[in-house]
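Colleague: The following file, target.tsv, comprises TSV, C-alpha atoms and all ligand atoms:
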chain	number	residue	atom	x	y	z
A	1	MET	CA	17.29	-65.24	155.82
A	2	PRO	CA	20.22	-63.37	157.41
A	3	ALA	CA	22.56	-65.24	159.76
A	4	LYS	CA	21.74	-64.99	163.47
A	5	ASN	CA	24.48	-62.47	164.24
A	6	ASP	CA	24.42	-60.62	160.93
A	7	PRO	CA	25.27	-57.08	162.12
A	8	PRO	CA	23.13	-55.04	159.68
A	9	ASP	CA	20.11	-57.21	160.42
A	10	LEU	CA	20.70	-57.12	164.16
A	11	ILE	CA	21.15	-53.34	164.10
A	12	LYS	CA	17.96	-52.89	162.15
A	13	ARG	CA	16.00	-55.03	164.57
A	14	VAL	CA	17.42	-53.33	167.66
A	15	ARG	CA	16.62	-49.93	166.21
A	16	ARG	CA	13.12	-51.17	165.54
A	17	GLY	CA	12.79	-51.93	169.23
A	18	GLU	CA	12.96	-55.73	169.22
A	19	HIS	CA	13.93	-57.00	172.64
A	20	ALA	CA	15.21	-60.37	171.44
A	21	ALA	CA	17.61	-58.58	169.10
A	22	ALA	CA	18.70	-56.23	171.88
A	23	SER	CA	19.35	-59.20	174.15
A	24	ARG	CA	21.55	-60.83	171.54
A	25	ALA	CA	23.33	-57.57	170.67
A	26	LEU	CA	23.96	-56.91	174.33
A	27	SER	CA	25.61	-60.28	174.83
A	28	LEU	CA	27.76	-59.78	171.75
A	29	VAL	CA	28.84	-56.29	172.82
A	30	VAL	CA	29.48	-57.17	176.45
A	31	ASN	CA	31.42	-60.32	175.53
A	32	GLU	CA	33.39	-58.44	172.87
A	33	ASP	CA	32.42	-60.78	170.10
A	34	ALA	CA	34.06	-60.26	166.70
A	35	VAL	CA	31.04	-58.31	165.42
A	36	ALA	CA	30.78	-56.19	168.58
A	37	ASP	CA	32.66	-53.22	167.14
A	38	VAL	CA	30.35	-53.04	164.12
A	39	LEU	CA	27.30	-53.02	166.37
A	40	ALA	CA	28.80	-50.56	168.84
A	41	LYS	CA	29.75	-48.18	166.04
A	42	ASP	CA	26.12	-47.91	165.01
A	43	PHE	CA	24.61	-47.87	168.50
A	44	PHE	CA	26.88	-45.05	169.61
A	45	LYS	CA	25.06	-42.73	167.22
A	46	CYS	CA	22.03	-42.97	169.51
A	47	SER	CA	23.90	-41.84	172.61
A	48	GLY	CA	23.00	-38.74	174.57
A	49	VAL	CA	19.24	-38.78	174.02
A	50	ALA	CA	18.05	-40.85	177.00
A	51	GLN	CA	18.39	-39.76	180.61
A	52	LYS	CA	20.70	-42.21	182.33
A	53	LEU	CA	20.04	-42.60	186.04
A	54	GLY	CA	22.40	-44.25	188.48
A	55	VAL	CA	20.80	-45.70	191.61
A	56	CYS	CA	23.51	-46.42	194.14
A	57	GLY	CA	23.72	-47.21	197.82
A	58	PRO	CA	24.43	-50.09	200.17
A	59	PRO	CA	22.81	-53.53	199.74
A	60	GLY	CA	19.36	-53.70	201.28
A	61	ALA	CA	18.66	-49.95	201.07
A	62	GLY	CA	15.77	-50.64	198.70
A	63	LYS	CA	17.36	-49.69	195.38
A	64	SER	CA	15.64	-52.45	193.40
A	65	THR	CA	12.27	-51.74	194.97
A	66	LEU	CA	12.67	-48.05	194.19
A	67	LEU	CA	13.75	-48.89	190.66
A	68	GLY	CA	10.56	-50.91	190.22
A	69	ARG	CA	8.52	-47.91	191.39
A	70	LEU	CA	10.23	-45.52	189.01
A	71	ILE	CA	9.78	-47.96	186.13
A	72	ALA	CA	6.05	-48.15	186.93
A	73	ARG	CA	5.79	-44.35	186.84
A	74	TYR	CA	7.57	-44.10	183.51
A	75	ARG	CA	5.45	-46.86	182.05
A	76	ALA	CA	2.31	-45.05	183.12
A	77	GLU	CA	3.55	-42.24	180.87
A	78	LYS	CA	4.37	-44.74	178.10
A	79	ILE	CA	8.07	-43.95	178.33
A	80	LYS	CA	10.30	-46.81	177.21
A	81	VAL	CA	12.62	-47.82	180.04
A	82	GLY	CA	15.85	-49.77	180.28
A	83	ALA	CA	17.21	-51.15	183.55
A	84	LEU	CA	20.65	-52.57	184.21
A	85	MET	CA	21.58	-54.22	187.47
A	86	VAL	CA	25.27	-54.07	188.03
A	87	ASP	CA	26.81	-56.62	190.31
A	88	PRO	CA	30.48	-55.91	190.97
A	89	SER	CA	30.81	-59.03	193.11
A	90	SER	CA	30.27	-61.17	190.00
A	91	SER	CA	28.36	-64.40	189.81
A	92	VAL	CA	28.92	-65.27	193.47
A	93	SER	CA	25.93	-63.21	194.56
A	94	GLY	CA	23.48	-64.78	192.18
A	95	GLY	CA	21.08	-64.94	195.10
A	96	ALA	CA	20.97	-61.19	195.51
A	97	PHE	CA	20.25	-60.81	191.87
A	98	LEU	CA	17.45	-63.32	192.06
A	99	GLY	CA	15.92	-61.05	194.71
A	100	ASP	CA	16.27	-58.09	192.36
A	101	ARG	CA	14.64	-60.08	189.63
A	102	LEU	CA	11.65	-60.78	191.80
A	103	ARG	CA	11.25	-57.18	192.83
A	104	VAL	CA	11.14	-55.90	189.27
A	105	MET	CA	9.43	-59.01	187.92
A	106	GLU	CA	6.09	-57.30	187.39
A	107	HIS	CA	7.76	-55.44	184.51
A	108	ALA	CA	9.44	-58.47	182.99
A	109	THR	CA	6.77	-59.07	180.38
A	110	ASP	CA	6.20	-55.40	179.55
A	111	PRO	CA	7.48	-54.73	176.01
A	112	GLY	CA	8.26	-51.16	177.13
A	113	VAL	CA	10.82	-52.34	179.69
A	114	PHE	CA	14.15	-53.97	178.92
A	115	MET	CA	16.07	-55.37	181.88
A	116	ARG	CA	19.41	-57.05	182.19
A	117	SER	CA	22.00	-57.78	184.85
A	118	LEU	CA	25.71	-57.34	184.35
A	119	ALA	CA	28.28	-59.23	186.36
A	120	SER	CA	31.94	-58.39	186.54
A	121	ARG	CA	34.15	-60.96	184.90
A	122	GLY	CA	37.24	-59.96	186.80
A	123	MET	CA	38.79	-58.06	183.93
A	124	ILE	CA	40.44	-54.69	184.16
A	125	GLY	CA	37.74	-52.12	183.54
A	126	GLY	CA	35.59	-55.03	182.40
A	127	LEU	CA	32.47	-54.01	184.16
A	128	THR	CA	32.72	-50.38	183.17
A	129	HIS	CA	33.24	-51.37	179.60
A	130	ALA	CA	30.19	-53.59	179.79
A	131	ILE	CA	28.06	-50.78	181.25
A	132	PHE	CA	28.93	-48.36	178.51
A	133	GLY	CA	28.28	-50.97	175.83
A	134	ALA	CA	25.02	-52.06	177.42
A	135	ILE	CA	23.77	-48.49	177.76
A	136	HIS	CA	24.41	-47.86	174.08
A	137	VAL	CA	22.36	-50.93	173.15
A	138	LEU	CA	19.49	-49.66	175.31
A	139	GLU	CA	19.78	-46.22	173.72
A	140	ALA	CA	19.58	-47.74	170.26
A	141	LEU	CA	16.59	-49.80	171.37
A	142	GLY	CA	14.77	-46.54	172.02
A	143	CYS	CA	14.80	-46.41	175.82
A	144	ARG	CA	14.35	-42.84	177.04
A	145	LYS	CA	15.09	-43.53	180.70
A	146	ILE	CA	17.91	-45.89	181.54
A	147	LEU	CA	18.26	-46.93	185.17
A	148	VAL	CA	21.49	-48.43	186.42
A	149	GLU	CA	21.45	-50.04	189.85
A	150	THR	CA	24.80	-50.42	191.51
A	151	VAL	CA	26.25	-51.04	194.94
A	152	GLY	CA	28.79	-48.49	196.04
A	153	THR	CA	29.48	-44.92	195.18
A	154	GLY	CA	32.64	-44.31	193.29
A	155	GLN	CA	35.56	-45.89	195.05
A	156	ASP	CA	34.76	-49.14	193.30
A	157	GLU	CA	35.45	-50.43	189.87
A	158	VAL	CA	32.32	-48.70	188.68
A	159	ASP	CA	32.55	-44.98	188.94
A	160	ILE	CA	28.87	-44.41	188.37
A	161	ALA	CA	29.28	-40.65	188.15
A	162	SER	CA	31.19	-41.00	184.89
A	163	VAL	CA	28.58	-43.32	183.40
A	164	VAL	CA	25.20	-41.66	184.07
A	165	ASP	CA	23.65	-38.18	183.95
A	166	THR	CA	21.83	-38.22	187.27
A	167	VAL	CA	23.06	-40.01	190.38
A	168	LEU	CA	20.56	-41.07	193.06
A	169	CYS	CA	22.15	-41.99	196.37
A	170	VAL	CA	19.90	-44.20	198.46
A	171	THR	CA	20.21	-44.63	202.19
A	172	THR	CA	17.81	-45.55	205.03
A	173	PRO	CA	17.05	-44.33	208.57
A	174	ALA	CA	18.73	-47.43	209.95
A	175	MET	CA	21.92	-46.51	208.20
A	176	GLY	CA	22.65	-43.43	210.27
A	177	ASP	CA	26.31	-44.28	210.42
A	178	GLU	CA	26.37	-44.89	206.74
A	179	ILE	CA	25.55	-41.23	206.23
A	180	GLN	CA	28.79	-40.36	207.97
A	181	ALA	CA	30.67	-42.95	205.97
A	182	MET	CA	29.00	-41.84	202.79
A	183	LYS	CA	30.21	-38.28	202.88
A	184	ALA	CA	33.49	-38.72	201.08
A	185	GLY	CA	32.27	-40.54	198.01
A	186	ALA	CA	28.54	-40.11	197.66
A	187	MET	CA	28.24	-36.56	198.92
A	188	GLU	CA	30.18	-35.38	195.95
A	189	ILE	CA	28.54	-37.44	193.25
A	190	GLY	CA	24.92	-37.47	194.43
A	191	ASP	CA	22.49	-35.29	192.47
A	192	ILE	CA	19.52	-36.47	194.50
A	193	PHE	CA	19.62	-38.10	197.92
A	194	VAL	CA	16.97	-40.56	198.96
A	195	VAL	CA	16.18	-41.66	202.50
A	196	ASN	CA	14.23	-44.80	201.72
A	197	LYS	CA	12.26	-46.86	204.24
A	198	ALA	CA	10.82	-43.62	205.57
A	199	ASP	CA	8.13	-45.79	207.16
A	200	LEU	CA	10.74	-46.81	209.74
A	201	SER	CA	11.52	-44.57	212.69
A	202	GLY	CA	14.30	-42.04	212.44
A	203	ALA	CA	13.59	-40.94	208.87
A	204	ASP	CA	13.25	-37.25	209.76
A	205	ARG	CA	16.51	-37.37	211.63
A	206	ALA	CA	18.25	-39.04	208.69
A	207	VAL	CA	16.88	-36.39	206.30
A	208	SER	CA	18.12	-33.54	208.51
A	209	ALA	CA	21.48	-35.22	208.99
A	210	LEU	CA	21.87	-35.52	205.24
A	211	ARG	CA	20.77	-31.94	204.60
A	212	GLY	CA	23.20	-30.78	207.23
A	213	ALA	CA	26.06	-32.80	205.82
A	214	LEU	CA	25.29	-31.55	202.30
A	215	GLY	CA	25.19	-27.94	203.42
A	216	LEU	CA	28.48	-28.24	205.25
A	217	GLY	CA	30.25	-30.14	202.55
A	218	ARG	CA	29.34	-27.71	199.85
A	219	SER	CA	29.70	-24.36	201.54
A	220	ALA	CA	33.34	-24.67	202.48
A	221	GLY	CA	35.13	-22.54	199.91
A	222	GLN	CA	33.22	-23.93	196.97
A	223	GLU	CA	31.39	-22.05	194.28
A	224	PRO	CA	27.68	-21.76	194.86
A	225	GLN	CA	26.05	-24.76	193.27
A	226	ALA	CA	23.60	-24.13	190.47
A	227	TRP	CA	21.97	-27.41	191.43
A	228	GLY	CA	21.34	-27.98	195.13
A	229	PRO	CA	20.87	-31.74	195.58
A	230	PRO	CA	17.46	-32.35	197.18
A	231	VAL	CA	16.95	-34.91	199.93
A	232	VAL	CA	13.77	-36.93	199.39
A	233	ALA	CA	12.18	-39.33	201.86
A	234	THR	CA	10.55	-42.34	200.23
A	235	SER	CA	8.95	-45.58	201.17
A	236	ALA	CA	9.55	-47.71	198.14
A	237	SER	CA	7.44	-50.55	199.48
A	238	SER	CA	4.31	-48.37	199.76
A	239	GLY	CA	5.20	-45.92	197.00
A	240	GLU	CA	5.12	-42.91	199.27
A	241	GLY	CA	7.47	-40.11	198.20
A	242	VAL	CA	8.15	-41.72	194.83
A	243	ALA	CA	6.22	-38.99	192.98
A	244	GLU	CA	8.40	-36.35	194.61
A	245	LEU	CA	11.50	-38.34	193.72
A	246	ALA	CA	10.39	-38.64	190.10
A	247	GLU	CA	9.81	-34.89	190.00
A	248	GLY	CA	13.31	-34.34	191.34
A	249	VAL	CA	14.67	-36.58	188.59
A	250	GLU	CA	12.81	-34.53	185.95
A	251	ALA	CA	13.99	-31.27	187.48
A	252	HIS	CA	17.57	-32.48	187.32
A	253	TRP	CA	17.16	-33.52	183.68
A	254	ARG	CA	15.80	-30.06	182.83
A	255	TYR	CA	18.68	-28.47	184.74
A	256	LEU	CA	21.21	-30.56	182.81
A	257	LYS	CA	19.73	-29.46	179.49
A	258	ASP	CA	19.25	-25.79	180.34
A	259	SER	CA	22.59	-25.20	182.01
A	260	GLY	CA	24.85	-26.98	179.55
A	261	GLU	CA	25.97	-29.25	182.39
A	262	GLY	CA	24.33	-32.15	180.53
A	263	ARG	CA	26.70	-31.79	177.60
A	264	ALA	CA	29.65	-31.41	179.93
A	265	ARG	CA	28.68	-34.66	181.61
A	266	LEU	CA	28.18	-36.44	178.33
A	267	LYS	CA	31.66	-35.38	177.30
A	268	LYS	CA	33.00	-36.76	180.58
A	269	GLN	CA	31.17	-40.04	179.97
A	270	HIS	CA	32.62	-40.36	176.48
A	271	ALA	CA	36.10	-39.58	177.85
A	272	ALA	CA	35.71	-42.32	180.46
A	273	GLU	CA	34.47	-44.81	177.88
A	274	LEU	CA	37.39	-44.04	175.61
A	275	ARG	CA	39.87	-44.32	178.46
A	276	PHE	CA	38.53	-47.69	179.56
A	277	TRP	CA	38.49	-48.97	176.02
A	278	MET	CA	42.12	-48.01	175.50
A	279	GLN	CA	43.29	-49.27	178.89
A	280	ARG	CA	41.67	-52.59	178.27
A	281	ARG	CA	43.00	-53.13	174.80
A	282	MET	CA	46.52	-51.99	175.62
A	283	ILE	CA	46.85	-54.05	178.76
A	284	GLN	CA	45.29	-57.08	177.16
A	285	ALA	CA	47.61	-56.86	174.17
A	286	ALA	CA	50.64	-56.81	176.48
A	287	LEU	CA	49.29	-59.67	178.59
A	288	ASP	CA	48.76	-61.75	175.48
A	289	ARG	CA	52.48	-61.47	174.75
A	290	VAL	CA	53.54	-63.09	178.02
A	291	SER	CA	55.07	-66.46	177.16
A	292	ASP	CA	56.15	-69.38	179.26
A	293	LYS	CA	59.70	-68.50	178.25
A	294	ASN	CA	59.21	-65.09	179.91
A	295	LEU	CA	58.11	-66.80	183.11
A	296	GLU	CA	61.08	-69.18	182.96
A	297	ASP	CA	63.36	-66.14	182.65
A	298	LEU	CA	61.81	-64.70	185.82
A	299	LEU	CA	62.21	-68.02	187.60
A	300	ALA	CA	65.87	-68.18	186.63
A	301	LEU	CA	66.30	-64.54	187.72
A	302	ARG	CA	67.46	-63.61	184.22
A	303	THR	CA	65.10	-60.64	184.35
A	304	ASP	CA	62.65	-58.97	186.72
A	305	PRO	CA	58.93	-58.16	186.40
A	306	ALA	CA	59.42	-54.42	185.82
A	307	SER	CA	62.03	-54.87	183.06
A	308	LEU	CA	60.05	-57.63	181.42
A	309	GLY	CA	56.78	-55.69	181.73
A	310	ARG	CA	58.32	-52.62	180.16
A	311	LYS	CA	59.60	-54.70	177.27
A	312	LEU	CA	56.28	-56.44	176.71
A	313	MET	CA	54.33	-53.19	176.80
A	314	ARG	CA	56.65	-51.64	174.20
A	315	ALA	CA	56.47	-54.60	171.81
A	316	ARG	CA	54.08	-54.49	168.88
A	401	LIG	N1	10.11	-51.12	205.44
A	401	LIG	C1	10.53	-50.94	204.20
A	401	LIG	N2	11.16	-51.93	203.56
A	401	LIG	C2	11.59	-51.72	202.28
A	401	LIG	C3	11.36	-50.49	201.62
A	401	LIG	N3	11.90	-50.57	200.38
A	401	LIG	C4	12.43	-51.80	200.28
A	401	LIG	N4	12.25	-52.50	201.40
A	401	LIG	C5	12.67	-53.88	201.68
A	401	LIG	O1	14.07	-53.90	201.86
A	401	LIG	C6	14.64	-55.10	201.37
A	401	LIG	C7	15.75	-54.81	200.37
A	401	LIG	O2	15.19	-54.19	199.23
A	401	LIG	P1	15.92	-54.17	197.82
A	401	LIG	O3	15.09	-53.34	196.92
A	401	LIG	O4	16.26	-55.53	197.36
A	401	LIG	O5	17.27	-53.42	198.20
A	401	LIG	P2	18.63	-53.28	197.34
A	401	LIG	O6	19.58	-54.31	197.83
A	401	LIG	O7	19.13	-51.90	197.68
A	401	LIG	O8	18.27	-53.43	195.90
A	401	LIG	C8	13.48	-55.88	200.76
A	401	LIG	O9	13.05	-56.82	201.68
A	401	LIG	C9	12.44	-54.82	200.52
A	401	LIG	O10	11.14	-55.33	200.52
A	401	LIG	C10	10.66	-49.45	202.34
A	401	LIG	O11	10.44	-48.35	201.85
A	401	LIG	N5	10.29	-49.74	203.61
A	402	MG	MG	19.08	-54.60	194.42
What would the structure in this file look like if it were written as structure tokens?
Modeller:
Amino acid sequence: MPAKNDPPDLIKRVRRGEHAAASRALSLVVNEDAVADVLAKDFFKCSGVAQKLGVCGPPGAGKSTLLGRLIARYRAEKIKVGALMVDPSSSVSGGAFLGDRLRVMEHATDPGVFMRSLASRGMIGGLTHAIFGAIHVLEALGCRKILVETVGTGQDEVDIASVVDTVLCVTTPAMGDEIQAMKAGAMEIGDIFVVNKADLSGADRAVSALRGALGLGRSAGQEPQAWGPPVVATSASSGEGVAELAEGVEAHWRYLKDSGEGRARLKKQHAAELRFWMQRRMIQAALDRVSDKNLEDLLALRTDPASLGRKLMRAR
């Protein structure tokens, strides 16, 4: 019997669609275990087939509930789905994640759904690295839709637009001010805008405000967009509007394929993954060289951080 982490065996089992193997592989890849590179090398070959969807927006907007609805739709069509919940605030907000867990729980025992949360471990580019690695595992597992839930819209550690193919920006009627605040980051990266909690008052106003803001933002001296981001009103708790949202997601996927924009985005994603990989390794290598003697030299004012840093980064 092969050892537990035997890469060829693990790869074979992940490719066969075994969730337990994917779970193990994911931990190894995310934690950069010694065998991670061997696994990642194989899994990468499966990249670019699945549609990767980013679901972003402020906490409480209903992202997890919406995610659960989309998963249900895909499962009704027998599409294998992967879901990653990204939590940039690390383990501190375990409570929030527990809530997420409960909301998507109905899918937890479905062999056609693979779910996992990712928490930042406070490393440079750590979370982004983990997302790329995790997505590749899900791709190798055979997921055809991969949903990534994340708080925030691009100014954070996770620049979701360089990770996924289709970005859903979720807001609510109660977040009227958020729409104003959102314009800088989300307006540019959103492929589909969702006003969730449309059962609450003010939904129509929020939809018009968004449409207005989108129109303004994009007409000023920019090229006409081949893809005009739709604004969809949903009520994730009742399921209303979710069909329209899912259609929008399909339309965007078709647009990406037909226009060549999909390949352009994939190239951007690979570039980002490569950049993060290199940044991480280079910085870590230099940090590993810092000795107590170096710190003593700083303390005694024999050198300064910039000179020492430059020296350590040059060393092999
Ligand atoms: N009224 C209403 N409440 C909703 C809707 N969607 C989600 N919620 C509720 O909003 C809260 C936050 O939802 P959640 O999916 O955890 O939001 P997230 O933080 O963005 O993932 C929960 O109590 C949900 O039940 C909706 O369409 N209408
Ligand atoms: Mg959530």
Colleague: Which residue out of A:Val164, A:Leu299, A:Leu67, A:Val290 has the minimum interatomic distance to Lys311 of chain A when all atoms listed in the file are used?
Modeller: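 The closest residue to Lys311 of chain A is A:Val290.
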Colleague: Atom CA of Ala140 of chain A and atom CA of Val81 of chain A are how many Å apart?
Modeller: 12.0 Å
Colleague: Write out as JSON lines a residue-level contact list of segment 230-294 of chain A versus segment 43-50 of chain A with cut-off 10 Å: for each qualifying residue the closest pair of atoms and the distance in Å to one decimal, counting only C-alpha atoms, rows sorted by chain and residue number upward.
Modeller:
{"residue": "A:Trp253", "atom": "CA", "partner": "A:Ala50", "partner_atom": "CA", "distance": 10.0}
{"residue": "A:Gly262", "atom": "CA", "partner": "A:Gly48", "partner_atom": "CA", "distance": 9.0}
{"residue": "A:Arg263", "atom": "CA", "partner": "A:Gly48", "partner_atom": "CA", "distance": 8.4}
{"residue": "A:Arg265", "atom": "CA", "partner": "A:Gly48", "partner_atom": "CA", "distance": 9.9}
{"residue": "A:Leu266", "atom": "CA", "partner": "A:Gly48", "partner_atom": "CA", "distance": 6.8}
{"residue": "A:Lys267", "atom": "CA", "partner": "A:Gly48", "partner_atom": "CA", "distance": 9.7}
{"residue": "A:Gln269", "atom": "CA", "partner": "A:Gly48", "partner_atom": "CA", "distance": 9.9}
{"residue": "A:His270", "atom": "CA", "partner": "A:Ser47", "partner_atom": "CA", "distance": 9.7}
Colleague: Write out as a Markdown table the residues of chain A that have any atom within 10 Å of an atom of ligand LIG 401 (chain A), one row each with the nearest atom pair and its distance in Å to one decimal, counting only C-alpha atoms and all ligand atoms, sorted by chain and then rising number.
Modeller:
| residue | atom | partner | partner_atom | distance |
| --- | --- | --- | --- | --- |
| A:Val55 | CA | A:LIG401 | O7 | 8.8 |
| A:Cys56 | CA | A:LIG401 | O7 | 7.9 |
| A:Gly57 | CA | A:LIG401 | O7 | 6.6 |
| A:Pro58 | CA | A:LIG401 | O7 | 6.1 |
| A:Pro59 | CA | A:LIG401 | O6 | 3.8 |
| A:Gly60 | CA | A:LIG401 | O6 | 3.5 |
| A:Ala61 | CA | A:LIG401 | O7 | 3.9 |
| A:Gly62 | CA | A:LIG401 | O5 | 3.2 |
| A:Lys63 | CA | A:LIG401 | O7 | 3.6 |
| A:Ser64 | CA | A:LIG401 | O3 | 3.7 |
| A:Thr65 | CA | A:LIG401 | O3 | 3.8 |
| A:Leu66 | CA | A:LIG401 | O3 | 6.4 |
| A:Leu67 | CA | A:LIG401 | O3 | 7.8 |
| A:Gly68 | CA | A:LIG401 | O3 | 8.4 |
| A:Arg69 | CA | A:LIG401 | N3 | 10.0 |
| A:Met85 | CA | A:LIG401 | O8 | 9.1 |
| A:Ala96 | CA | A:LIG401 | O6 | 7.4 |
| A:Phe97 | CA | A:LIG401 | O4 | 8.6 |
| A:Leu98 | CA | A:LIG401 | O4 | 9.5 |
| A:Gly99 | CA | A:LIG401 | O4 | 6.1 |
| A:Asp100 | CA | A:LIG401 | O4 | 5.6 |
| A:Arg101 | CA | A:LIG401 | O4 | 9.1 |
| A:Leu102 | CA | A:LIG401 | O4 | 8.9 |
| A:Arg103 | CA | A:LIG401 | O3 | 6.8 |
| A:Val104 | CA | A:LIG401 | O3 | 9.0 |
| A:Glu149 | CA | A:LIG401 | O8 | 7.6 |
| A:Thr150 | CA | A:LIG401 | O8 | 8.4 |
| A:Val151 | CA | A:LIG401 | O7 | 7.7 |
| A:Val170 | CA | A:LIG401 | O7 | 7.8 |
| A:Thr171 | CA | A:LIG401 | O7 | 8.6 |
| A:Thr172 | CA | A:LIG401 | O11 | 8.5 |
| A:Pro173 | CA | A:LIG401 | N5 | 10.0 |
| A:Val195 | CA | A:LIG401 | O11 | 8.8 |
| A:Asn196 | CA | A:LIG401 | O11 | 5.2 |
| A:Lys197 | CA | A:LIG401 | O11 | 3.4 |
| A:Ala198 | CA | A:LIG401 | O11 | 6.0 |
| A:Asp199 | CA | A:LIG401 | N5 | 5.7 |
| A:Leu200 | CA | A:LIG401 | N1 | 6.1 |
| A:Ser201 | CA | A:LIG401 | N1 | 9.9 |
| A:Ala233 | CA | A:LIG401 | O11 | 9.2 |
| A:Thr234 | CA | A:LIG401 | O11 | 6.2 |
| A:Ser235 | CA | A:LIG401 | O11 | 3.2 |
| A:Ala236 | CA | A:LIG401 | O11 | 3.9 |
| A:Ser237 | CA | A:LIG401 | O11 | 4.4 |
| A:Ser238 | CA | A:LIG401 | O11 | 6.5 |
| A:Gly239 | CA | A:LIG401 | O11 | 7.5 |
| A:Glu240 | CA | A:LIG401 | O11 | 8.0 |
| A:Gly241 | CA | A:LIG401 | O11 | 9.5 |
| A:Val242 | CA | A:LIG401 | O11 | 9.9 |
Colleague: Between atom CA of Met282 of chain A and atom CA of Leu298 of chain A, what is the spacing in Å?
Modeller: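 Here the two named atoms are 22.3 Å from each other.
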